[in-house]
Structure formats: C-alpha cells, structure tokens
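Trainee: Just so it is clear, I am handing over my_file-v5.cif, which has mmCIF, C-alpha atoms.
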```
data_work
#
loop_
_atom_site.label_atom_id
_atom_site.label_comp_id
_atom_site.auth_asym_id
_atom_site.auth_seq_id
_atom_site.Cartn_x
_atom_site.Cartn_y
_atom_site.Cartn_z
CA MET A 1 18.79 0.35 21.87
CA ILE A 2 20.67 -1.10 18.94
CA ILE A 3 21.70 2.35 17.79
CA ASP A 4 23.77 2.69 20.98
CA SER A 5 25.99 -0.14 19.75
CA LEU A 6 26.44 1.63 16.38
CA PRO A 7 27.51 5.17 17.31
CA GLU A 8 28.55 6.00 13.74
CA VAL A 9 24.89 5.86 12.72
CA ARG A 10 24.21 8.93 14.85
CA ASP A 11 26.72 10.88 12.72
CA LEU A 12 24.91 10.15 9.45
CA SER A 13 22.98 12.91 7.72
CA PRO A 14 19.18 12.59 7.59
CA GLU A 15 19.42 11.51 3.95
CA GLU A 16 21.97 8.82 4.80
CA LYS A 17 19.78 7.57 7.65
CA TRP A 18 16.84 7.25 5.25
CA ARG A 19 19.00 5.31 2.79
CA LEU A 20 20.16 3.03 5.60
CA ALA A 21 16.56 2.46 6.71
CA GLU A 22 15.57 1.60 3.11
CA GLU A 23 18.46 -0.83 2.76
CA LEU A 24 17.57 -2.53 6.06
CA TRP A 25 13.92 -2.75 5.00
CA ASP A 26 14.87 -4.30 1.66
CA GLU A 27 17.07 -6.83 3.46
CA LEU A 28 14.24 -7.88 5.75
CA ILE A 29 11.26 -8.53 3.50
CA PRO A 30 11.89 -8.39 -0.25
CA ASP A 31 9.94 -11.62 -0.85
CA GLU A 32 6.94 -10.56 1.26
CA ILE A 33 6.55 -7.37 -0.75
CA GLU A 34 6.50 -9.29 -4.01
CA THR A 35 3.98 -11.77 -2.62
CA ARG A 36 1.71 -9.00 -1.38
CA ASP A 37 1.92 -7.23 -4.77
CA ASP A 38 1.04 -10.49 -6.55
CA ALA A 39 -1.98 -10.98 -4.29
CA ILE A 40 -3.17 -7.43 -4.92
CA GLU A 41 -2.73 -7.86 -8.66
CA ARG A 42 -4.78 -11.10 -8.59
CA LEU A 43 -7.52 -9.39 -6.62
CA ILE A 44 -7.67 -6.48 -9.07
CA GLU A 45 -7.83 -8.86 -12.03
CA ALA A 46 -10.61 -10.90 -10.38
CA ARG A 47 -12.65 -7.77 -9.72
CA LYS A 48 -12.08 -6.56 -13.27
CA ARG A 49 -13.29 -9.92 -14.66
CA HIS A 50 -16.33 -9.81 -12.40
CA PHE A 51 -17.20 -6.31 -13.60
CA GLN A 52 -16.78 -7.33 -17.24
CA GLU A 53 -19.05 -10.35 -16.74
CA HIS A 54 -21.59 -8.52 -14.53
CA PRO A 55 -21.50 -4.78 -15.28
CA GLU A 56 -24.95 -4.35 -13.71
CA THR A 57 -23.41 -4.96 -10.27
CA ALA A 58 -21.24 -1.85 -10.51
CA THR A 59 -22.14 1.52 -9.02
CA SER A 60 -21.64 4.70 -11.01
CA TRP A 61 -19.43 7.42 -9.59
CA GLU A 62 -22.40 9.82 -9.47
CA SER A 63 -24.50 7.32 -7.55
CA LEU A 64 -21.69 6.67 -5.10
CA LYS A 65 -21.16 10.39 -4.49
CA GLN A 66 -24.88 10.78 -3.77
CA ARG A 67 -24.81 7.88 -1.28
CA ILE A 68 -21.80 9.36 0.50
CA ALA A 69 -23.41 12.82 0.62
CA SER A 70 -26.61 11.37 2.08
CA LEU A 71 -24.62 9.58 4.79
CA ARG A 72 -22.83 12.79 5.73
CA HIS A 73 -26.03 14.80 6.00
CA GLY A 74 -27.93 12.31 8.06
#
```
Would you mind giving the structure from this file in structure tokens?
Mentor:
Amino acid sequence: MIIDSLPEVRDLSPEEKWRLAEELWDELIPDEIETRDDAIERLIEARKRHFQEHPETATSWESLKQRIASLRHG
C-alpha cells in the first residue's frame, strides 16, 4: 500500500486525514468536477425550458405521490 511508504500519514488525526484526502481529491480532478457541474446545469436549464414551453407534460406532485402509492400497494 502507498500508505506504508508514508508512515507519517498514520500519525495524522482523523481530521487531518480528511483534509489530506480532500486535497488529494482536488489535485486529481478539479476540471472534471467543473465539467460535470456544467453538464448538470445545462440539463436542468433544458428541462426548465421544456416545462415552460410544454407545461401540460408535467406531472403534479399529488399525482406522482398517488402513482408511487399505487405501485407500493400492488
């Protein structure tokens, strides 16, 4: 394991280990996170536009709850 070559990591407190893990994560994929967030934002905006243009295609919360309840009860 890599940790065996870094014995000082074993002496870190749990909080310090979490900070180290966060720093390593940020080093690895900062660009991928931004790209994924941009893709999610575009998807949300597209769905919002679709709803605004075609509100009849939406399902009310009450209707959705009824559908879920009917699935649960057979």
Trainee: In Å, with one decimal, what is the gap from atom CA of A:Ile44 to atom CA of A:Glu27?
Mentor: 27.7 Å
Trainee: Quick one: pull the distance between atom CA of A:Asp37 and atom CA of A:Trp25, Å, one decimal.
Mentor: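 Those two atoms sit 16.1 Å apart.
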Trainee: Quick one: pull the distance between atom CA of A:Thr57 and atom CA of A:Arg42, Å, one decimal.
Mentor: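 For atom CA of A:Thr57 relative to atom CA of A:Arg42, the distance reads 19.7 Å.
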Trainee: Could you complete stretch 13-30 of chain A so that it carries N, CA and C atoms, and give it back as a PDB file, in the frame of the given file?
Mentor:
```
ATOM      1  N   SER A  13      23.929  11.839   8.042  1.00  0.00           N
ATOM      2  CA  SER A  13      22.980  12.910   7.720  1.00  0.00           C
ATOM      3  C   SER A  13      21.573  12.300   7.662  1.00  0.00           C
ATOM      4  N   PRO A  14      20.539  13.125   7.710  1.00  0.00           N
ATOM      5  CA  PRO A  14      19.180  12.590   7.590  1.00  0.00           C
ATOM      6  C   PRO A  14      18.977  11.766   6.317  1.00  0.00           C
ATOM      7  N   GLU A  15      19.542  12.244   5.216  1.00  0.00           N
ATOM      8  CA  GLU A  15      19.420  11.510   3.950  1.00  0.00           C
ATOM      9  C   GLU A  15      20.080  10.134   4.033  1.00  0.00           C
ATOM     10  N   GLU A  16      21.266  10.095   4.647  1.00  0.00           N
ATOM     11  CA  GLU A  16      21.970   8.820   4.800  1.00  0.00           C
ATOM     12  C   GLU A  16      21.209   7.873   5.727  1.00  0.00           C
ATOM     13  N   LYS A  17      20.586   8.414   6.749  1.00  0.00           N
ATOM     14  CA  LYS A  17      19.780   7.570   7.650  1.00  0.00           C
ATOM     15  C   LYS A  17      18.590   6.980   6.907  1.00  0.00           C
ATOM     16  N   TRP A  18      17.948   7.776   6.042  1.00  0.00           N
ATOM     17  CA  TRP A  18      16.840   7.250   5.250  1.00  0.00           C
ATOM     18  C   TRP A  18      17.303   6.146   4.315  1.00  0.00           C
ATOM     19  N   ARG A  19      18.459   6.360   3.674  1.00  0.00           N
ATOM     20  CA  ARG A  19      19.000   5.310   2.790  1.00  0.00           C
ATOM     21  C   ARG A  19      19.303   4.041   3.559  1.00  0.00           C
ATOM     22  N   LEU A  20      19.867   4.191   4.760  1.00  0.00           N
ATOM     23  CA  LEU A  20      20.160   3.030   5.600  1.00  0.00           C
ATOM     24  C   LEU A  20      18.860   2.312   5.975  1.00  0.00           C
ATOM     25  N   ALA A  21      17.844   3.068   6.349  1.00  0.00           N
ATOM     26  CA  ALA A  21      16.560   2.460   6.710  1.00  0.00           C
ATOM     27  C   ALA A  21      15.975   1.699   5.511  1.00  0.00           C
ATOM     28  N   GLU A  22      16.069   2.276   4.312  1.00  0.00           N
ATOM     29  CA  GLU A  22      15.570   1.600   3.110  1.00  0.00           C
ATOM     30  C   GLU A  22      16.336   0.308   2.837  1.00  0.00           C
ATOM     31  N   GLU A  23      17.646   0.368   2.979  1.00  0.00           N
ATOM     32  CA  GLU A  23      18.460  -0.830   2.760  1.00  0.00           C
ATOM     33  C   GLU A  23      18.121  -1.923   3.772  1.00  0.00           C
ATOM     34  N   LEU A  24      17.944  -1.548   5.037  1.00  0.00           N
ATOM     35  CA  LEU A  24      17.570  -2.530   6.060  1.00  0.00           C
ATOM     36  C   LEU A  24      16.198  -3.123   5.751  1.00  0.00           C
ATOM     37  N   TRP A  25      15.257  -2.277   5.354  1.00  0.00           N
ATOM     38  CA  TRP A  25      13.920  -2.750   5.000  1.00  0.00           C
ATOM     39  C   TRP A  25      13.983  -3.755   3.857  1.00  0.00           C
ATOM     40  N   ASP A  26      14.737  -3.413   2.816  1.00  0.00           N
ATOM     41  CA  ASP A  26      14.870  -4.300   1.660  1.00  0.00           C
ATOM     42  C   ASP A  26      15.516  -5.631   2.045  1.00  0.00           C
ATOM     43  N   GLU A  27      16.432  -5.594   2.987  1.00  0.00           N
ATOM     44  CA  GLU A  27      17.070  -6.830   3.460  1.00  0.00           C
ATOM     45  C   GLU A  27      16.079  -7.725   4.187  1.00  0.00           C
ATOM     46  N   LEU A  28      15.144  -7.122   4.902  1.00  0.00           N
ATOM     47  CA  LEU A  28      14.240  -7.880   5.750  1.00  0.00           C
ATOM     48  C   LEU A  28      13.130  -8.603   4.981  1.00  0.00           C
ATOM     49  N   ILE A  29      12.455  -7.919   4.073  1.00  0.00           N
ATOM     50  CA  ILE A  29      11.260  -8.530   3.500  1.00  0.00           C
ATOM     51  C   ILE A  29      11.101  -8.345   1.989  1.00  0.00           C
ATOM     52  N   PRO A  30      12.110  -8.553   1.189  1.00  0.00           N
ATOM     53  CA  PRO A  30      11.890  -8.390  -0.250  1.00  0.00           C
ATOM     54  C   PRO A  30      10.887  -9.387  -0.817  1.00  0.00           C
TER      55      PRO A  30
END
```
